[in-house]
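A.B. asks: Before anything else, here's the structure in question.
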Amino acid sequence: MESGNEPKAVAHVRHDGQRLHWHALDEHLRGVSGLAALFAGTFGAQAWAALGGLWHDLGKFREGFQRYIRQCGDPDAHIEGRIVGPEKTHSTAGALWAQQYLKEVQGRSGEVVARVLSYLIAGHHAGLADWLGANASLHNRFAQSDAARELDSALAASIPDAILKPTPPLPDVKDLMRYRDEEIPGRFALWVRMLFSCLVDADFLNTERFMSPHKAEARNGFFDLATMEARLADRLQQMAQAVAERGEADSVVNRKRAEVLSACLAKAELPPGVFSLTVPTGGGKTLSSMAFALRHAVRHSKRRIVYAIPYTSIIEQTADIFRGIFGDENVIEHHSNVEADEKQETHRSRLACENWDAPLIVTTNVQLLESLFASRTSRCRKLHNLVGSVIVLDEAQLLPVAYLQPVVDALRLLVADYGVTLLLCTATQPTLESRIGFDQARALRGFKAGEVREIVDDVPGLYADLERVRVHLPTDLNATQTWDDLAPEIARHEAVLAIVGRRADARDLYRRLRAEDDEGLWHLSGLMCAQHRSDVIAAIREALAARRQALRDGRTAAPIRVVSTQLVEAGVDIDFPVVYRALAGLDSIAQAAGRCNREGRLARGEVHVFVPPKSPPPGLLRMAEQATRILWAGLPAGADPMGVERFAEFFRKLYGDARLDEKDICRLLRVGREGDVMFRTAAENFRLIDEKDGATVFVRYRRDRDDDEIGMWLNALKKNGPDRWLLRRLQRYVVTIYRSDLQRLLDQGDVEPLGGDFPGLYVQSANNDVLYDRVLGIAVDGVPGDPSGFIQ
């Protein structure tokens, strides 16, 4: 193969089938330095990121590395850890040089500066590490003789002085002092993680510009936020006109929705900070919150909107709404479950990971929150793009209780240090202000009193005006009902939604109802991939509309009965006259009630709460159910079990019974006297979805016999490798299952490793047409609960 002009030192190599192309190392270092400084300038840390970028690949100057990369011509040669061997490592040299040089020129303060840069440089492939301890700590790594030899051999290569000893300004230790103030724990750790994000994203983007120039060129052309605000205003005007044409503008529900929207637009003018939007389900929360976010972003020069949703099961519903308004190219839909094993990454899988550079990101709490505590490069890469953003936390009551303290600390830091405006958006607002208790593990260190500004002026009045259902409690909150008892009761209703807490329960109740009457019967659960769920939800909406029209015309209406897990309780706009809900947390029951008489067409909808055969799995879901049970057991006669005043009491009970930092994240991220932080251990402990339990499988869902869209995308993946646009399409065909189920399916030949550039992911075998059921989804039997409470 021909070779182009070779630079003195090479950073990367690319071959196009005919010739080799070389990426000059000095050019790469300067490019990364400039881009990292640009990113870090948004929070005043450009000198730190610039120096980290300039030194991050000093180890590549080593003669051994240069000989290796030229001889092998492997595009993955630059990925440390991918290719094993002493000549292939390069990230230690820059960290050790920082410690040596900065001590010489800055003295004691230089040692402190070098500690920060060491985290960034040494971790730009392997991720942020602990400084001390046995978990592959940097202290132990730097003490090894191989580390010193790596620096010595790099310095022997005549590195240009402009790179090795750059001219001032160098990082100033004074910049760091405000982040050593641990009034809000984790401040220093988040600052280092933000700097790390700037470095790794700059490294990825500069590498991409060389390795895949056409992809780099495609990273532009987004709408500005003012254009998006105008588009949303046009859509809201069209919707209001359509409501008026139907003669429904004066209905209570539509009048209140208009008032909520008006309040959001008015309060968006207020100074940045923390806001809450407490609106009953069906009150127009999704579009009103986006109207607030865009108006606020434009007025206060924010950079983007991040819209975070708790359930990966319904993210696609919200993303579709926004795409219909703003266009596909301006909305990134980022799930949490299509990621390669970082230990086996390739240059293509590295470049394919998301960096949230679009104006609107629709993602999951899992993706957002785990990134705030991550050590991996692929997860940290996006963080600097949160600076100066508006973050909307939809269904804020579903923030993970076991991690609530570190999560609230991180949210407070984003607001205080990084110019973020936070909108807590929910029908059942939790109390995130500071709460002192005798047991510090259960006391919340939260926002200051009055810091969270409510958008709706009269929340109790809004709830009273939008009261549309009657809730029926079981006579005995401890007496369970079997599916055999419940199915005939549900089947008596022509239009009914039944919501259960487990995927296995949804499957069992569906099968039992099918024995009663299978006409108009539907199933929804996390055993179905996102595309399948979207198709079913669209069909359910069409069936409901057809039923309403038939009843208006005096015709016989077809029945429609839906069995679902709680994935329909957020972001899914459906409206049933009758809803059955398994006993759960009060917030979940309120969300279920929001699918009943949603449009207020009836005087009252009917919500029936029942006690299912099995309790929720141990953990948050069971604690929430118990809190509801205790709350309702003490209700005075005639009291409304779903009154707005109940929710504060519910959350006090729930938080009071829980440890709010179960994995001790706050202690792990507390900075020591020498700038030592346990980054890797904290990241491993902060797992909302335990990767040891869950496995990601691409399923071959087909709308009909002739449909093979998933096959087309999988073939493209195998042929061309991972592209961001392709992964965005494929994430709609993912199901998460237990590792034990995965092993059984592998042994049976039902699934196989995806392989290639994405190890650790699996795909339904091409010759297996029965593993994925067109009604129930993937056929796994051992599902007592879920690999995660976040994927139902």
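Identifiers in this document derive from the order of the structure tokens: chains are assigned A, B, ..., residues are numbered from 1 separately in each chain, and ligands are numbered from 1 in order of occurrence.
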Leaving out Gly594 (chain A) and any residue of its chain fewer than 4 positions from it, which residues lie within 9 Å of it when counting only C-alpha atoms, given as a ChimeraX atom specification?
C.D. replies: /A:280-282,468-469,569,574-575,589-590,598
A.B. asks: May I have the selected residues written with N, CA and C atoms, as an mmCIF file, in the first residue's frame?
C.D. replies:
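That gives us result22.cif:
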```
data_model
loop_
_atom_site.group_PDB
_atom_site.id
_atom_site.type_symbol
_atom_site.label_atom_id
_atom_site.label_comp_id
_atom_site.auth_asym_id
_atom_site.auth_seq_id
_atom_site.Cartn_x
_atom_site.Cartn_y
_atom_site.Cartn_z
ATOM 1 N N PRO A 280 -50.728 18.816 37.127
ATOM 2 C CA PRO A 280 -51.313 17.476 37.052
ATOM 3 C C PRO A 280 -51.116 16.865 35.675
ATOM 4 N N THR A 281 -51.039 15.555 35.597
ATOM 5 C CA THR A 281 -50.897 14.894 34.311
ATOM 6 C C THR A 281 -52.066 15.282 33.412
ATOM 7 N N GLY A 282 -51.721 15.518 32.147
ATOM 8 C CA GLY A 282 -52.732 15.989 31.221
ATOM 9 C C GLY A 282 -52.855 17.491 31.179
ATOM 10 N N ARG A 468 -60.333 15.068 37.580
ATOM 11 C CA ARG A 468 -61.148 14.434 36.543
ATOM 12 C C ARG A 468 -61.471 12.977 36.825
ATOM 13 N N VAL A 469 -60.990 12.445 37.960
ATOM 14 C CA VAL A 469 -61.183 11.013 38.218
ATOM 15 C C VAL A 469 -61.666 10.776 39.650
ATOM 16 N N GLU A 569 -46.843 5.637 32.050
ATOM 17 C CA GLU A 569 -47.169 6.641 33.068
ATOM 18 C C GLU A 569 -46.397 7.938 32.915
ATOM 19 N N ILE A 574 -52.383 9.030 26.218
ATOM 20 C CA ILE A 574 -53.542 8.197 25.919
ATOM 21 C C ILE A 574 -54.617 8.478 26.960
ATOM 22 N N ASP A 575 -55.869 8.184 26.599
ATOM 23 C CA ASP A 575 -57.001 8.601 27.439
ATOM 24 C C ASP A 575 -58.040 7.496 27.502
ATOM 25 N N ILE A 589 -49.262 6.050 41.104
ATOM 26 C CA ILE A 589 -50.714 5.959 40.974
ATOM 27 C C ILE A 589 -51.278 7.251 40.391
ATOM 28 N N ALA A 590 -50.696 8.384 40.782
ATOM 29 C CA ALA A 590 -51.121 9.659 40.202
ATOM 30 C C ALA A 590 -50.842 9.699 38.704
ATOM 31 N N ARG A 598 -58.314 11.916 30.578
ATOM 32 C CA ARG A 598 -57.243 12.901 30.429
ATOM 33 C C ARG A 598 -57.753 14.203 29.822
#
```
A.B. asks: Assign secondary structure with DSSP using the backbone only, and return the residues of region 567-732 of chain A in strand (DSSP E or B) as a PyMOL selection string.
C.D. replies: chain A and resi 576+578-582+596+605-610+678+694-698
A.B. asks: Please report the interatomic distance between CA of Val200 (chain A) and CA of Ser212 (chain A) in Å with one decimal.
C.D. replies: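 Value for the CA of Val200 (chain A)-CA of Ser212 (chain A) distance: 17.0 Å.
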A.B. asks: As JSON, numbers by chain, list the residues of region 447-552 of chain A assigned to helix (DSSP H, G or I) by DSSP on the backbone atoms of this structure.
C.D. replies: {"A": [459, 460, 461, 462, 463, 464, 465, 483, 484, 485, 486, 487, 488, 489, 490, 491, 503, 504, 505, 506, 507, 508, 509, 510, 511, 512, 513, 514, 515, 516, 530, 531, 532, 533, 534, 535, 536, 537, 538, 539, 540, 541, 542, 543, 544, 545, 546, 547, 548, 549, 550, 551, 552]}
A.B. asks: Take the residues from that selection and put them in a file with C-alpha atoms, as a short mmCIF file (atom, residue, chain, number, x, y, z; two decimals), in the first residue's frame.
C.D. replies:
```
data_model
loop_
_atom_site.label_atom_id
_atom_site.label_comp_id
_atom_site.auth_asym_id
_atom_site.auth_seq_id
_atom_site.Cartn_x
_atom_site.Cartn_y
_atom_site.Cartn_z
CA VAL A 459 -50.86 24.76 42.45
CA PRO A 460 -53.73 23.57 44.73
CA GLY A 461 -56.21 25.57 42.64
CA LEU A 462 -54.89 24.05 39.40
CA TYR A 463 -55.22 20.54 40.83
CA ALA A 464 -58.77 21.24 41.96
CA ASP A 465 -59.72 22.56 38.53
CA TRP A 483 -55.04 -12.60 38.02
CA ASP A 484 -57.88 -15.13 37.78
CA ASP A 485 -59.98 -12.90 40.05
CA LEU A 486 -58.97 -9.66 38.39
CA ALA A 487 -59.17 -10.60 34.70
CA PRO A 488 -62.99 -11.05 34.52
CA GLU A 489 -63.47 -7.73 36.35
CA ILE A 490 -61.24 -5.90 33.88
CA ALA A 491 -62.81 -7.67 30.90
CA ARG A 503 -42.91 -7.15 33.03
CA ALA A 504 -43.78 -10.71 34.01
CA ASP A 505 -47.06 -9.48 35.54
CA ALA A 506 -47.98 -7.72 32.29
CA ARG A 507 -47.35 -10.90 30.36
CA ASP A 508 -49.36 -13.06 32.79
CA LEU A 509 -52.34 -10.70 33.00
CA TYR A 510 -52.40 -10.32 29.22
CA ARG A 511 -52.53 -14.09 28.77
CA ARG A 512 -55.29 -14.40 31.35
CA LEU A 513 -57.35 -11.64 29.69
CA ARG A 514 -56.86 -13.26 26.31
CA ALA A 515 -58.66 -16.30 27.70
CA GLU A 516 -61.60 -14.03 28.59
CA ALA A 530 -38.80 0.93 21.56
CA GLN A 531 -39.89 0.78 17.91
CA HIS A 532 -42.40 -1.96 18.75
CA ARG A 533 -43.77 0.05 21.66
CA SER A 534 -44.07 3.16 19.49
CA ASP A 535 -46.01 1.25 16.87
CA VAL A 536 -48.36 -0.27 19.46
CA ILE A 537 -48.97 3.07 21.19
CA ALA A 538 -49.78 4.66 17.82
CA ALA A 539 -52.23 1.84 17.08
CA ILE A 540 -53.83 2.23 20.53
CA ARG A 541 -54.33 5.95 19.93
CA GLU A 542 -55.95 5.24 16.56
CA ALA A 543 -58.23 2.62 18.14
CA LEU A 544 -59.28 5.04 20.91
CA ALA A 545 -60.04 7.77 18.36
CA ALA A 546 -62.04 5.34 16.25
CA ARG A 547 -63.98 4.20 19.30
CA ARG A 548 -64.85 7.77 20.29
CA GLN A 549 -66.02 8.53 16.75
CA ALA A 550 -68.15 5.40 16.65
CA LEU A 551 -69.83 6.31 19.93
CA ARG A 552 -70.51 9.85 18.66
#
```
A.B. asks: Can you list, as JSON, numbers by chain, every protein, DNA or RNA residue that comes within 10 Å of Leu754 (chain A) when you count only C-alpha atoms, leaving out same-chain residues fewer than 6 positions away?
C.D. replies: {"A": [697, 698, 714, 717, 718, 760, 761, 762, 763, 764, 765]}
A.B. asks: Which is closest to Leu225 (chain A) among A:Gly107, A:Pro359, A:Pro160, A:Gly419, if we use only C-alpha atoms?
C.D. replies: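 Closest to Leu225 (chain A), using only C-alpha atoms: A:Pro359.
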A.B. asks: Any idea what's packed within 12 Å of Gln66 (chain A), counting only C-alpha atoms, ignoring anything in its chain fewer than 6 positions away? Could you give it as a list in words?
C.D. replies: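 Listing them by chain and then by number gives Glu6, Pro7, Lys8, Ala9, Val10, Ala11, His12, Val13, Trp22, His23, Ala24, Leu25, Leu58, Gly59, Lys60, Cys72, Gly73, Ala77, His78, Glu87, Lys88, Thr89, His90, Ser153, Ala154 and Ala157 of chain A.
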A.B. asks: May I ask which of the residues A:Thr431, A:Thr426, A:Asn140, A:Asn767 is the closest one to Leu404 (chain A), counting only C-alpha atoms?
C.D. replies: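 The shortest atom-to-atom distance to Leu404 (chain A) comes from A:Thr431.
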